[in-house]
file entry_23.pdb (PDB, C-alpha atoms and all ligand atoms)
ATOM      1  CA  MET A   1       0.000   0.000   0.000  1.00  0.00           C
ATOM      2  CA  THR A   2       1.261   3.491  -0.757  1.00  0.00           C
ATOM      3  CA  ILE A   3       0.803   6.775   1.084  1.00  0.00           C
ATOM      4  CA  PRO A   4      -1.104   9.169  -1.221  1.00  0.00           C
ATOM      5  CA  ALA A   5       0.937  12.000  -2.762  1.00  0.00           C
ATOM      6  CA  GLY A   6       0.809  15.249  -0.801  1.00  0.00           C
ATOM      7  CA  PHE A   7       0.132  13.425   2.429  1.00  0.00           C
ATOM      8  CA  PRO A   8       0.941  15.580   5.463  1.00  0.00           C
ATOM      9  CA  PRO A   9       4.361  15.350   7.114  1.00  0.00           C
ATOM     10  CA  GLU A  10       4.697  13.887  10.596  1.00  0.00           C
ATOM     11  CA  PRO A  11       1.549  14.951  12.437  1.00  0.00           C
ATOM     12  CA  LYS A  12       1.486  16.397  15.933  1.00  0.00           C
ATOM     13  CA  PHE A  13       0.546  13.067  17.401  1.00  0.00           C
ATOM     14  CA  MET A  14       1.854  11.727  20.669  1.00  0.00           C
ATOM     15  CA  PRO A  15      -0.623   9.447  22.403  1.00  0.00           C
ATOM     16  CA  GLY A  16       2.084   8.416  24.856  1.00  0.00           C
ATOM     17  CA  LYS A  17       2.420  12.079  25.928  1.00  0.00           C
ATOM     18  CA  LEU A  18       6.066  11.742  26.979  1.00  0.00           C
ATOM     19  CA  PHE A  19       8.053  11.325  23.821  1.00  0.00           C
ATOM     20  CA  SER A  20       7.765   9.670  20.462  1.00  0.00           C
ATOM     21  CA  PHE A  21      10.705   9.210  18.109  1.00  0.00           C
ATOM     22  CA  PRO A  22      10.231  11.479  15.079  1.00  0.00           C
ATOM     23  CA  GLY A  23       8.695   9.683  12.126  1.00  0.00           C
ATOM     24  CA  THR A  24       7.071   6.883  14.104  1.00  0.00           C
ATOM     25  CA  ALA A  25       3.527   7.809  13.023  1.00  0.00           C
ATOM     26  CA  ALA A  26       4.492   7.432   9.360  1.00  0.00           C
ATOM     27  CA  LEU A  27       6.548   4.298  10.052  1.00  0.00           C
ATOM     28  CA  MET A  28       3.633   2.744  11.931  1.00  0.00           C
ATOM     29  CA  GLY A  29       1.393   3.457   8.955  1.00  0.00           C
ATOM     30  CA  LYS A  30       3.854   1.907   6.565  1.00  0.00           C
ATOM     31  CA  TYR A  31       4.988  -1.180   8.475  1.00  0.00           C
ATOM     32  CA  TYR A  32       2.273  -1.978  11.051  1.00  0.00           C
ATOM     33  CA  ASP A  33       0.423  -4.545   8.943  1.00  0.00           C
ATOM     34  CA  ARG A  34       3.667  -6.278   7.985  1.00  0.00           C
ATOM     35  CA  PHE A  35       4.830  -6.313  11.612  1.00  0.00           C
ATOM     36  CA  MET A  36       1.547  -7.873  12.730  1.00  0.00           C
ATOM     37  CA  ALA A  37       0.910 -10.217   9.768  1.00  0.00           C
ATOM     38  CA  ASP A  38       2.165 -13.434  11.348  1.00  0.00           C
ATOM     39  CA  LEU A  39       0.421 -12.895  14.680  1.00  0.00           C
ATOM     40  CA  GLU A  40      -2.791 -11.936  12.927  1.00  0.00           C
ATOM     41  CA  GLU A  41      -2.770 -14.967  10.679  1.00  0.00           C
ATOM     42  CA  LYS A  42      -1.875 -17.476  13.399  1.00  0.00           C
ATOM     43  CA  VAL A  43      -3.813 -16.088  16.351  1.00  0.00           C
ATOM     44  CA  LEU A  44      -5.654 -12.798  16.262  1.00  0.00           C
ATOM     45  CA  LEU A  45      -7.710 -12.834  13.093  1.00  0.00           C
ATOM     46  CA  LYS A  46      -9.872 -15.778  14.125  1.00  0.00           C
ATOM     47  CA  ARG A  47     -10.502 -14.138  17.492  1.00  0.00           C
ATOM     48  CA  ARG A  48     -11.451 -10.890  15.807  1.00  0.00           C
ATOM     49  CA  LYS A  49     -13.946 -12.821  13.651  1.00  0.00           C
ATOM     50  CA  GLN A  50     -15.481 -14.502  16.714  1.00  0.00           C
ATOM     51  CA  LEU A  51     -15.836 -11.180  18.469  1.00  0.00           C
ATOM     52  CA  LEU A  52     -17.106  -9.007  15.623  1.00  0.00           C
ATOM     53  CA  SER A  53     -19.189 -11.202  13.344  1.00  0.00           C
ATOM     54  CA  GLU A  54     -22.353 -11.097  15.486  1.00  0.00           C
ATOM     55  CA  LEU A  55     -22.451  -7.372  16.111  1.00  0.00           C
ATOM     56  CA  GLN A  56     -25.410  -5.399  14.845  1.00  0.00           C
ATOM     57  CA  GLY A  57     -26.454  -1.871  14.063  1.00  0.00           C
ATOM     58  CA  LYS A  58     -24.268   1.156  14.609  1.00  0.00           C
ATOM     59  CA  ILE A  59     -20.805   0.364  15.951  1.00  0.00           C
ATOM     60  CA  LEU A  60     -18.225   2.708  17.455  1.00  0.00           C
ATOM     61  CA  GLU A  61     -14.621   1.579  16.901  1.00  0.00           C
ATOM     62  CA  ILE A  62     -11.840   3.295  18.842  1.00  0.00           C
ATOM     63  CA  GLY A  63      -8.452   3.273  17.101  1.00  0.00           C
ATOM     64  CA  THR A  64      -9.426   1.895  13.705  1.00  0.00           C
ATOM     65  CA  GLY A  65      -5.750   1.705  12.754  1.00  0.00           C
ATOM     66  CA  THR A  66      -5.170   0.265   9.286  1.00  0.00           C
ATOM     67  CA  GLY A  67      -8.731  -1.045   9.284  1.00  0.00           C
ATOM     68  CA  ILE A  68      -8.190  -4.748   9.870  1.00  0.00           C
ATOM     69  CA  ASN A  69     -11.612  -5.011  11.524  1.00  0.00           C
ATOM     70  CA  LEU A  70     -13.532  -3.227   8.767  1.00  0.00           C
ATOM     71  CA  GLY A  71     -14.119  -6.338   6.669  1.00  0.00           C
ATOM     72  CA  LEU A  72     -15.131  -8.380   9.724  1.00  0.00           C
ATOM     73  CA  PHE A  73     -18.119  -6.299  10.783  1.00  0.00           C
ATOM     74  CA  PRO A  74     -21.421  -7.703   9.470  1.00  0.00           C
ATOM     75  CA  HIS A  75     -22.531  -6.169   6.153  1.00  0.00           C
ATOM     76  CA  GLN A  76     -25.655  -4.585   7.596  1.00  0.00           C
ATOM     77  CA  SER A  77     -23.731  -2.667  10.262  1.00  0.00           C
ATOM     78  CA  THR A  78     -22.498   0.911  10.060  1.00  0.00           C
ATOM     79  CA  ILE A  79     -19.218   1.930  11.664  1.00  0.00           C
ATOM     80  CA  ILE A  80     -17.985   5.145  13.198  1.00  0.00           C
ATOM     81  CA  GLY A  81     -14.194   4.802  13.477  1.00  0.00           C
ATOM     82  CA  LEU A  82     -11.884   7.195  15.342  1.00  0.00           C
ATOM     83  CA  GLU A  83      -8.207   7.094  14.411  1.00  0.00           C
ATOM     84  CA  PRO A  84      -5.687   9.880  15.097  1.00  0.00           C
ATOM     85  CA  ASN A  85      -2.810   8.630  12.937  1.00  0.00           C
ATOM     86  CA  PRO A  86      -3.525   9.768   9.355  1.00  0.00           C
ATOM     87  CA  TYR A  87      -1.030   7.284   7.939  1.00  0.00           C
ATOM     88  CA  MET A  88      -2.902   4.382   9.520  1.00  0.00           C
ATOM     89  CA  LEU A  89      -6.243   5.805   8.442  1.00  0.00           C
ATOM     90  CA  ALA A  90      -5.067   6.084   4.821  1.00  0.00           C
ATOM     91  CA  HIS A  91      -4.575   2.316   4.784  1.00  0.00           C
ATOM     92  CA  ALA A  92      -7.978   1.711   6.364  1.00  0.00           C
ATOM     93  CA  LYS A  93      -9.515   3.612   3.459  1.00  0.00           C
ATOM     94  CA  GLU A  94      -7.778   1.278   1.002  1.00  0.00           C
ATOM     95  CA  ARG A  95      -9.355  -1.845   2.506  1.00  0.00           C
ATOM     96  CA  PRO A  96     -11.738  -3.692   0.145  1.00  0.00           C
ATOM     97  CA  ALA A  97     -14.605  -3.479   2.666  1.00  0.00           C
ATOM     98  CA  TYR A  98     -14.286   0.307   2.739  1.00  0.00           C
ATOM     99  CA  LEU A  99     -13.909   0.660  -1.030  1.00  0.00           C
ATOM    100  CA  GLU A 100     -16.909  -1.585  -1.706  1.00  0.00           C
ATOM    101  CA  ALA A 101     -19.311   0.277   0.594  1.00  0.00           C
ATOM    102  CA  PRO A 102     -17.773   3.554   1.847  1.00  0.00           C
ATOM    103  CA  GLU A 103     -21.213   4.767   2.928  1.00  0.00           C
ATOM    104  CA  ARG A 104     -21.130   2.214   5.784  1.00  0.00           C
ATOM    105  CA  PHE A 105     -17.945   3.677   7.283  1.00  0.00           C
ATOM    106  CA  HIS A 106     -17.538   7.087   8.866  1.00  0.00           C
ATOM    107  CA  LEU A 107     -13.838   7.283   9.661  1.00  0.00           C
ATOM    108  CA  TYR A 108     -12.549  10.349  11.485  1.00  0.00           C
ATOM    109  CA  ASN A 109      -8.932  11.408  11.859  1.00  0.00           C
ATOM    110  CA  LEU A 110      -9.299  12.087  15.566  1.00  0.00           C
ATOM    111  CA  LYS A 111      -8.341  10.835  19.002  1.00  0.00           C
ATOM    112  CA  ALA A 112     -11.344   9.362  20.788  1.00  0.00           C
ATOM    113  CA  GLU A 113     -10.908  11.952  23.534  1.00  0.00           C
ATOM    114  CA  GLU A 114     -11.438  14.701  20.948  1.00  0.00           C
ATOM    115  CA  ALA A 115     -14.542  13.254  19.329  1.00  0.00           C
ATOM    116  CA  ASP A 116     -17.160  14.690  21.649  1.00  0.00           C
ATOM    117  CA  SER A 117     -18.647  17.022  19.047  1.00  0.00           C
ATOM    118  CA  ILE A 118     -19.219  14.032  16.748  1.00  0.00           C
ATOM    119  CA  LEU A 119     -20.451  11.622  19.380  1.00  0.00           C
ATOM    120  CA  LYS A 120     -22.921  14.005  20.980  1.00  0.00           C
ATOM    121  CA  ASN A 121     -24.763  14.316  17.643  1.00  0.00           C
ATOM    122  CA  GLU A 122     -25.006  10.554  17.191  1.00  0.00           C
ATOM    123  CA  ALA A 123     -27.847   8.349  18.424  1.00  0.00           C
ATOM    124  CA  PRO A 124     -26.578   5.847  21.024  1.00  0.00           C
ATOM    125  CA  PHE A 125     -24.412   3.056  19.633  1.00  0.00           C
ATOM    126  CA  ASP A 126     -25.266  -0.644  19.510  1.00  0.00           C
ATOM    127  CA  ALA A 127     -21.667  -1.730  20.213  1.00  0.00           C
ATOM    128  CA  LEU A 128     -18.259  -0.379  21.143  1.00  0.00           C
ATOM    129  CA  VAL A 129     -15.011  -1.980  19.930  1.00  0.00           C
ATOM    130  CA  PHE A 130     -11.488  -1.799  21.350  1.00  0.00           C
ATOM    131  CA  THR A 131      -8.863  -4.009  19.750  1.00  0.00           C
ATOM    132  CA  LEU A 132      -5.201  -3.387  20.610  1.00  0.00           C
ATOM    133  CA  VAL A 133      -5.842   0.221  21.515  1.00  0.00           C
ATOM    134  CA  LEU A 134      -6.326   0.514  25.294  1.00  0.00           C
ATOM    135  CA  CYS A 135      -2.584  -0.159  25.591  1.00  0.00           C
ATOM    136  CA  THR A 136      -1.979   3.179  23.858  1.00  0.00           C
ATOM    137  CA  VAL A 137      -4.597   5.752  24.880  1.00  0.00           C
ATOM    138  CA  SER A 138      -3.314   8.090  27.584  1.00  0.00           C
ATOM    139  CA  ARG A 139      -6.023   7.505  30.187  1.00  0.00           C
ATOM    140  CA  PRO A 140      -7.871   4.320  29.275  1.00  0.00           C
ATOM    141  CA  GLU A 141     -10.186   4.225  32.265  1.00  0.00           C
ATOM    142  CA  ASP A 142     -11.331   7.817  31.750  1.00  0.00           C
ATOM    143  CA  LEU A 143     -11.844   7.144  28.067  1.00  0.00           C
ATOM    144  CA  VAL A 144     -13.984   4.039  28.576  1.00  0.00           C
ATOM    145  CA  ARG A 145     -16.068   5.791  31.229  1.00  0.00           C
ATOM    146  CA  SER A 146     -16.607   8.789  28.958  1.00  0.00           C
ATOM    147  CA  LEU A 147     -17.868   6.556  26.148  1.00  0.00           C
ATOM    148  CA  LEU A 148     -20.375   4.540  28.178  1.00  0.00           C
ATOM    149  CA  PRO A 149     -23.111   7.230  28.006  1.00  0.00           C
ATOM    150  CA  HIS A 150     -22.956   6.966  24.189  1.00  0.00           C
ATOM    151  CA  LEU A 151     -24.015   3.286  24.291  1.00  0.00           C
ATOM    152  CA  LYS A 152     -27.489   1.798  24.331  1.00  0.00           C
ATOM    153  CA  ALA A 153     -28.393  -0.225  27.402  1.00  0.00           C
ATOM    154  CA  GLY A 154     -27.334  -3.831  26.784  1.00  0.00           C
ATOM    155  CA  ALA A 155     -24.726  -2.837  24.195  1.00  0.00           C
ATOM    156  CA  PRO A 156     -21.690  -5.132  23.988  1.00  0.00           C
ATOM    157  CA  ILE A 157     -18.176  -3.734  24.465  1.00  0.00           C
ATOM    158  CA  ILE A 158     -15.688  -5.840  22.545  1.00  0.00           C
ATOM    159  CA  ILE A 159     -12.210  -6.202  23.986  1.00  0.00           C
ATOM    160  CA  LEU A 160      -9.076  -7.759  22.488  1.00  0.00           C
ATOM    161  CA  GLU A 161      -6.042  -6.288  24.249  1.00  0.00           C
ATOM    162  CA  HIS A 162      -2.557  -7.283  25.339  1.00  0.00           C
ATOM    163  CA  ILE A 163      -1.922  -6.895  29.048  1.00  0.00           C
ATOM    164  CA  VAL A 164       0.978  -7.038  31.481  1.00  0.00           C
ATOM    165  CA  ASP A 165       2.458 -10.508  31.931  1.00  0.00           C
ATOM    166  CA  PRO A 166       1.233 -12.459  34.983  1.00  0.00           C
ATOM    167  CA  HIS A 167       4.718 -13.830  35.682  1.00  0.00           C
ATOM    168  CA  PRO A 168       6.729 -11.531  38.025  1.00  0.00           C
ATOM    169  CA  LEU A 169      10.002 -11.916  36.115  1.00  0.00           C
ATOM    170  CA  MET A 170       8.393 -11.145  32.748  1.00  0.00           C
ATOM    171  CA  ARG A 171       6.559  -8.239  34.364  1.00  0.00           C
ATOM    172  CA  PHE A 172       9.886  -6.863  35.597  1.00  0.00           C
ATOM    173  CA  VAL A 173      11.394  -7.148  32.098  1.00  0.00           C
ATOM    174  CA  GLN A 174       8.344  -5.464  30.559  1.00  0.00           C
ATOM    175  CA  ARG A 175       8.544  -2.576  33.036  1.00  0.00           C
ATOM    176  CA  LEU A 176      12.230  -2.139  32.241  1.00  0.00           C
ATOM    177  CA  PHE A 177      11.694  -2.199  28.503  1.00  0.00           C
ATOM    178  CA  ASN A 178       8.444  -0.215  28.459  1.00  0.00           C
ATOM    179  CA  PRO A 179       9.833   3.348  28.166  1.00  0.00           C
ATOM    180  CA  LEU A 180      11.828   2.461  25.047  1.00  0.00           C
ATOM    181  CA  TRP A 181       8.990   0.405  23.565  1.00  0.00           C
ATOM    182  CA  LYS A 182       6.576   3.258  24.143  1.00  0.00           C
ATOM    183  CA  CYS A 183       8.790   5.731  22.262  1.00  0.00           C
ATOM    184  CA  CYS A 184       9.091   3.391  19.284  1.00  0.00           C
ATOM    185  CA  SER A 185       5.440   2.388  19.092  1.00  0.00           C
ATOM    186  CA  GLU A 186       3.433   5.588  19.359  1.00  0.00           C
ATOM    187  CA  GLY A 187       2.787   5.240  23.072  1.00  0.00           C
ATOM    188  CA  CYS A 188       1.897   1.535  23.352  1.00  0.00           C
ATOM    189  CA  ASN A 189       2.369   0.203  26.911  1.00  0.00           C
ATOM    190  CA  LEU A 190       3.375  -3.362  27.751  1.00  0.00           C
ATOM    191  CA  THR A 191       2.538  -2.903  31.402  1.00  0.00           C
ATOM    192  CA  ARG A 192      -1.189  -2.271  31.646  1.00  0.00           C
ATOM    193  CA  SER A 193      -3.677  -4.369  33.612  1.00  0.00           C
ATOM    194  CA  THR A 194      -6.459  -3.514  31.188  1.00  0.00           C
ATOM    195  CA  ASP A 195      -8.463  -6.566  32.267  1.00  0.00           C
ATOM    196  CA  LYS A 196      -8.616  -5.432  35.903  1.00  0.00           C
ATOM    197  CA  MET A 197      -9.278  -1.833  34.946  1.00  0.00           C
ATOM    198  CA  LEU A 198     -12.271  -2.850  32.797  1.00  0.00           C
ATOM    199  CA  GLU A 199     -13.680  -5.340  35.252  1.00  0.00           C
ATOM    200  CA  ASN A 200     -13.607  -2.685  37.988  1.00  0.00           C
ATOM    201  CA  LEU A 201     -15.950  -0.488  35.978  1.00  0.00           C
ATOM    202  CA  GLY A 202     -18.958  -2.566  37.030  1.00  0.00           C
ATOM    203  CA  LEU A 203     -19.764  -3.881  33.563  1.00  0.00           C
ATOM    204  CA  ARG A 204     -21.166  -7.379  33.078  1.00  0.00           C
ATOM    205  CA  VAL A 205     -18.343  -9.635  31.853  1.00  0.00           C
ATOM    206  CA  GLU A 206     -18.939 -12.463  29.371  1.00  0.00           C
ATOM    207  CA  GLN A 207     -16.806 -14.637  27.085  1.00  0.00           C
ATOM    208  CA  LYS A 208     -13.708 -13.735  29.023  1.00  0.00           C
ATOM    209  CA  SER A 209     -10.476 -15.528  28.157  1.00  0.00           C
ATOM    210  CA  TYR A 210      -6.723 -15.116  28.358  1.00  0.00           C
ATOM    211  CA  PHE A 211      -4.195 -16.436  25.890  1.00  0.00           C
ATOM    212  CA  ARG A 212      -0.510 -16.107  25.169  1.00  0.00           C
ATOM    213  CA  ALA A 213       0.937 -15.131  21.821  1.00  0.00           C
ATOM    214  CA  GLY A 214       4.289 -13.561  22.615  1.00  0.00           C
ATOM    215  CA  LEU A 215       2.447 -11.290  25.043  1.00  0.00           C
ATOM    216  CA  THR A 216      -0.498 -12.150  27.280  1.00  0.00           C
ATOM    217  CA  PHE A 217      -3.833 -11.165  25.763  1.00  0.00           C
ATOM    218  CA  TYR A 218      -7.251 -10.558  27.283  1.00  0.00           C
ATOM    219  CA  GLN A 219     -10.361 -11.130  25.193  1.00  0.00           C
ATOM    220  CA  ALA A 220     -13.827 -10.373  26.521  1.00  0.00           C
ATOM    221  CA  VAL A 221     -17.294  -9.108  25.791  1.00  0.00           C
ATOM    222  CA  LEU A 222     -18.536  -6.684  28.429  1.00  0.00           C
ATOM    223  CA  TYR A 223     -22.040  -5.314  28.645  1.00  0.00           C
ATOM    224  CA  LYS A 224     -23.414  -2.041  29.750  1.00  0.00           C
ATOM    225  CA  ASP A 225     -26.703  -3.187  31.323  1.00  0.00           C
TER     226      ASP A 225
HETATM  227  C1  LIG B 301      -1.934  -1.005  17.797  1.00  0.00           C
HETATM  228  S1  LIG B 301      -2.982  -0.077  16.784  1.00  0.00           S
HETATM  229  C2  LIG B 301      -4.384  -1.140  16.642  1.00  0.00           C
HETATM  230  C3  LIG B 301      -5.302  -0.776  15.530  1.00  0.00           C
HETATM  231  C4  LIG B 301      -6.555  -1.626  15.387  1.00  0.00           C
HETATM  232  N1  LIG B 301      -7.497  -1.350  16.436  1.00  0.00           N
HETATM  233  C5  LIG B 301      -6.224  -3.085  15.357  1.00  0.00           C
HETATM  234  O1  LIG B 301      -6.839  -3.849  16.096  1.00  0.00           O
HETATM  235  O2  LIG B 301      -5.365  -3.479  14.563  1.00  0.00           O
HETATM  236  C6  LIG B 301      -3.570   1.167  17.914  1.00  0.00           C
HETATM  237  C7  LIG B 301      -4.270   2.269  17.189  1.00  0.00           C
HETATM  238  O3  LIG B 301      -4.904   3.110  18.152  1.00  0.00           O
HETATM  239  C8  LIG B 301      -4.757   4.441  17.731  1.00  0.00           C
HETATM  240  N2  LIG B 301      -4.906   5.341  18.878  1.00  0.00           N
HETATM  241  C9  LIG B 301      -3.965   5.710  19.766  1.00  0.00           C
HETATM  242  N3  LIG B 301      -4.466   6.574  20.660  1.00  0.00           N
HETATM  243  C10 LIG B 301      -5.761   6.755  20.328  1.00  0.00           C
HETATM  244  C11 LIG B 301      -6.808   7.545  20.865  1.00  0.00           C
HETATM  245  N4  LIG B 301      -6.604   8.334  21.914  1.00  0.00           N
HETATM  246  N5  LIG B 301      -8.018   7.496  20.263  1.00  0.00           N
HETATM  247  C12 LIG B 301      -8.231   6.695  19.186  1.00  0.00           C
HETATM  248  N6  LIG B 301      -7.268   5.931  18.639  1.00  0.00           N
HETATM  249  C13 LIG B 301      -6.055   5.951  19.199  1.00  0.00           C
HETATM  250  C14 LIG B 301      -3.376   4.475  17.102  1.00  0.00           C
HETATM  251  O4  LIG B 301      -3.198   5.568  16.246  1.00  0.00           O
HETATM  252  C15 LIG B 301      -3.320   3.149  16.399  1.00  0.00           C
HETATM  253  O5  LIG B 301      -3.757   3.236  15.080  1.00  0.00           O
END
call {"tool": "encode", "arguments": {"input": "entry_23.pdb", "output": "structure tokens"}}
result
Amino acid sequence: MTIPAGFPPEPKFMPGKLFSFPGTAALMGKYYDRFMADLEEKVLLKRRKQLLSELQGKILEIGTGTGINLGLFPHQSTIIGLEPNPYMLAHAKERPAYLEAPERFHLYNLKAEEADSILKNEAPFDALVFTLVLCTVSRPEDLVRSLLPHLKAGAPIIILEHIVDPHPLMRFVQRLFNPLWKCCSEGCNLTRSTDKMLENLGLRVEQKSYFRAGLTFYQAVLYKD
């Protein structure tokens, strides 16, 4: 995939707040899919399908990235996607699912925390999707809480996230390595207990599972009752 001519230079984009090596937003856009291809094919893609294929109605996706989920949402659904990295978003808009039915996808080049003016004009959503994004947003708990009022009662919240390793030695190594990793990966954290954070929000938890694929992952469907 190619970045369209005239695409903006490195955007002012630092989800990690502290520091991001210059050029990482563009590099992420260019190499992310290649970096993830093996893991997706062997492990993640089938889990994404399980999680997304039954969703209905109007879906809010946080951190659409290069759009890997776009072709997995059911055909009758409509998607509002929020993605701050324009290089990632450019690839999402080259996905076959988007090109075949662009009217189903409303993709905004925005951080979720900055999307209030869009969300407040939308009817409540039927589902909310986070895949590999709560590791990166600056204040994940605040973000999830702020989005709950935009969901219908009974709406599923889809989660597929890597979390801190349960083993103390691995956890120590991840904490040591995290500052460097974060600078190279647009603010991604290896050290978050996203599972505990979410389960403390008082949501109903279903289909919860953990698996290892290099990192430890947490997959779940939560419900706002
Ligand atoms: C690791 S990628 C995952 C993309 C996609 N969700 C997936 O499953 O492949 C994380 C994405 O979240 C985006 N992101 C980071 N901070 C964000 C925020 N505050 N709001 C929305 N998206 C964000 C990044 O730009 C990046 O594209």
call {"tool": "atom_distance", "arguments": {"input": "entry_23.pdb", "atom1": "CA of Leu55 (chain A)", "atom2": "atom C12 of ligand LIG 301 (chain B)"}}
result
20.2 Å
call {"tool": "residues_near_ligand", "arguments": {"input": "entry_23.pdb", "ligand": "ligand LIG 301 (chain B)", "cutoff": "6 Å", "atoms": "only C-alpha atoms and all ligand atoms", "output": "list in words"}}
result
Pro15, Ile62, Gly63, Thr64, Gly65, Ile68, Leu82, Glu83, Pro84, Asn85, Met88, Lys111, Ala112, Glu113, Thr131, Leu132, Val133, Thr136 and Val137 of chain A
call {"tool": "residues_around", "arguments": {"input": "entry_23.pdb", "residues": "Pro166 (chain A)", "least_positions_apart": "2", "cutoff": "12 Å", "atoms": "all atoms listed in the file", "output": "list in words"}}
result
His162, Ile163, Val164, Pro168, Leu169, Met170, Arg171, Phe172, Val173, Gln174, Leu190, Thr191, Arg192, Ser193, Asp195, Tyr210, Phe211, Arg212, Leu215, Thr216, Phe217 and Tyr218 of chain A
call {"tool": "atom_distance", "arguments": {"input": "entry_23.pdb", "atom1": "CA of Ala115 (chain A)", "atom2": "CA of Leu128 (chain A)"}}
result
14.2 Å
call {"tool": "atom_distance", "arguments": {"input": "entry_23.pdb", "atom1": "CA of Glu94 (chain A)", "atom2": "CA of Leu44 (chain A)"}}
result
20.9 Å
call {"tool": "residues_around", "arguments": {"input": "entry_23.pdb", "residues": "Arg95 (chain A)", "least_positions_apart": "6", "cutoff": "9 Å", "atoms": "only C-alpha atoms", "output": "MDAnalysis selection string"}}
result
chainID A and resid 66:68 70:71
call {"tool": "closest_residue", "arguments": {"input": "entry_23.pdb", "among": "A:Leu143, A:Ala90, A:Cys135, A:Ile59", "to": "His75 (chain A)", "atoms": "all atoms listed in the file"}}
result
A:Ile59
call {"tool": "resolve_selection", "arguments": {"input": "entry_23.pdb", "expression": "the PyMOL selection byres (((chain A and resi 77) around 6) and not hetatm)", "output": "ChimeraX atom specification"}}
result
/A:56-58,74-76,78
call {"tool": "resolve_selection", "arguments": {"input": "entry_23.pdb", "expression": "the PyMOL selection byres (((chain A and resi 29-38) around 9) and not hetatm)", "output": "list in words"}}
result
Met1, Thr2, Ile3, Thr24, Ala25, Ala26, Leu27, Met28, Leu39, Glu40, Glu41, Lys42, Val43, Gly65, Thr66, Ile68, Asn85, Pro86, Tyr87, Met88, Leu89, Ala90 and His91 of chain A
call {"tool": "write_last_selection", "arguments": {"input": "entry_23.pdb", "atoms": "C-alpha atoms", "output": "PDB file, keeping the file's coordinate frame"}}
result
ATOM      1  CA  MET A   1       0.000   0.000   0.000  1.00  0.00           C
ATOM      2  CA  THR A   2       1.261   3.491  -0.757  1.00  0.00           C
ATOM      3  CA  ILE A   3       0.803   6.775   1.084  1.00  0.00           C
ATOM      4  CA  THR A  24       7.071   6.883  14.104  1.00  0.00           C
ATOM      5  CA  ALA A  25       3.527   7.809  13.023  1.00  0.00           C
ATOM      6  CA  ALA A  26       4.492   7.432   9.360  1.00  0.00           C
ATOM      7  CA  LEU A  27       6.548   4.298  10.052  1.00  0.00           C
ATOM      8  CA  MET A  28       3.633   2.744  11.931  1.00  0.00           C
ATOM      9  CA  LEU A  39       0.421 -12.895  14.680  1.00  0.00           C
ATOM     10  CA  GLU A  40      -2.791 -11.936  12.927  1.00  0.00           C
ATOM     11  CA  GLU A  41      -2.770 -14.967  10.679  1.00  0.00           C
ATOM     12  CA  LYS A  42      -1.875 -17.476  13.399  1.00  0.00           C
ATOM     13  CA  VAL A  43      -3.813 -16.088  16.351  1.00  0.00           C
ATOM     14  CA  GLY A  65      -5.750   1.705  12.754  1.00  0.00           C
ATOM     15  CA  THR A  66      -5.170   0.265   9.286  1.00  0.00           C
ATOM     16  CA  ILE A  68      -8.190  -4.748   9.870  1.00  0.00           C
ATOM     17  CA  ASN A  85      -2.810   8.630  12.937  1.00  0.00           C
ATOM     18  CA  PRO A  86      -3.525   9.768   9.355  1.00  0.00           C
ATOM     19  CA  TYR A  87      -1.030   7.284   7.939  1.00  0.00           C
ATOM     20  CA  MET A  88      -2.902   4.382   9.520  1.00  0.00           C
ATOM     21  CA  LEU A  89      -6.243   5.805   8.442  1.00  0.00           C
ATOM     22  CA  ALA A  90      -5.067   6.084   4.821  1.00  0.00           C
ATOM     23  CA  HIS A  91      -4.575   2.316   4.784  1.00  0.00           C
TER      24      HIS A  91
END
call {"tool": "axis_aligned_box", "arguments": {"input": "entry_23.pdb", "around": "region 52-59 of chain A", "padding_each_side": "4 Å", "output": "lines of an AutoDock Vina configuration file"}}
result
center_x = -21.8
center_y = -5.0
center_z = 14.7
size_x = 17.3
size_y = 20.4
size_z = 10.8
call {"tool": "closest_residue", "arguments": {"input": "entry_23.pdb", "among": "A:Gln50, A:Thr194, A:Gln207, A:Asn69", "to": "Val129 (chain A)", "atoms": "all atoms listed in the file"}}
result
A:Asn69
call {"tool": "residues_around", "arguments": {"input": "entry_23.pdb", "residues": "Pro124 (chain A)", "least_positions_apart": "6", "cutoff": "6 Å", "atoms": "all atoms listed in the file", "output": "CSV table (one decimal) with C-alpha atoms, in the frame of the given file"}}
result
chain,number,residue,atom,x,y,z
A,150,HIS,CA,-23.0,7.0,24.2
A,151,LEU,CA,-24.0,3.3,24.3
A,152,LYS,CA,-27.5,1.8,24.3
call {"tool": "closest_residue", "arguments": {"input": "entry_23.pdb", "among": "A:Leu72, A:Leu60, A:Leu134, A:Leu148", "to": "Leu107 (chain A)", "atoms": "all atoms listed in the file"}}
result
A:Leu60
call {"tool": "resolve_selection", "arguments": {"input": "entry_23.pdb", "expression": "the PyMOL selection byres (((chain A and resi 224) around 9) and not hetatm)", "output": "NGL selection string"}}
result
:A and (148 or 151-157 or 202-204 or 222-223 or 225)
call {"tool": "closest_residue", "arguments": {"input": "entry_23.pdb", "among": "A:Pro149, A:Ser185, A:Lys120, A:Ile80", "to": "Pro102 (chain A)", "atoms": "all atoms listed in the file"}}
result
A:Ile80
call {"tool": "decode", "arguments": {"input": "entry_23.pdb", "residues": "region 140-152 of chain A", "atoms": "C-alpha atoms", "output": "mmCIF file, in the first residue's frame"}}
result
data_model
loop_
_atom_site.group_PDB
_atom_site.id
_atom_site.type_symbol
_atom_site.label_atom_id
_atom_site.label_comp_id
_atom_site.auth_asym_id
_atom_site.auth_seq_id
_atom_site.Cartn_x
_atom_site.Cartn_y
_atom_site.Cartn_z
ATOM 1 C CA PRO A 140 -7.871 4.320 29.275
ATOM 2 C CA GLU A 141 -10.186 4.225 32.265
ATOM 3 C CA ASP A 142 -11.331 7.817 31.750
ATOM 4 C CA LEU A 143 -11.844 7.144 28.067
ATOM 5 C CA VAL A 144 -13.984 4.039 28.576
ATOM 6 C CA ARG A 145 -16.068 5.791 31.229
ATOM 7 C CA SER A 146 -16.607 8.789 28.958
ATOM 8 C CA LEU A 147 -17.868 6.556 26.148
ATOM 9 C CA LEU A 148 -20.375 4.540 28.178
ATOM 10 C CA PRO A 149 -23.111 7.230 28.006
ATOM 11 C CA HIS A 150 -22.956 6.966 24.189
ATOM 12 C CA LEU A 151 -24.015 3.286 24.291
ATOM 13 C CA LYS A 152 -27.489 1.798 24.331
#
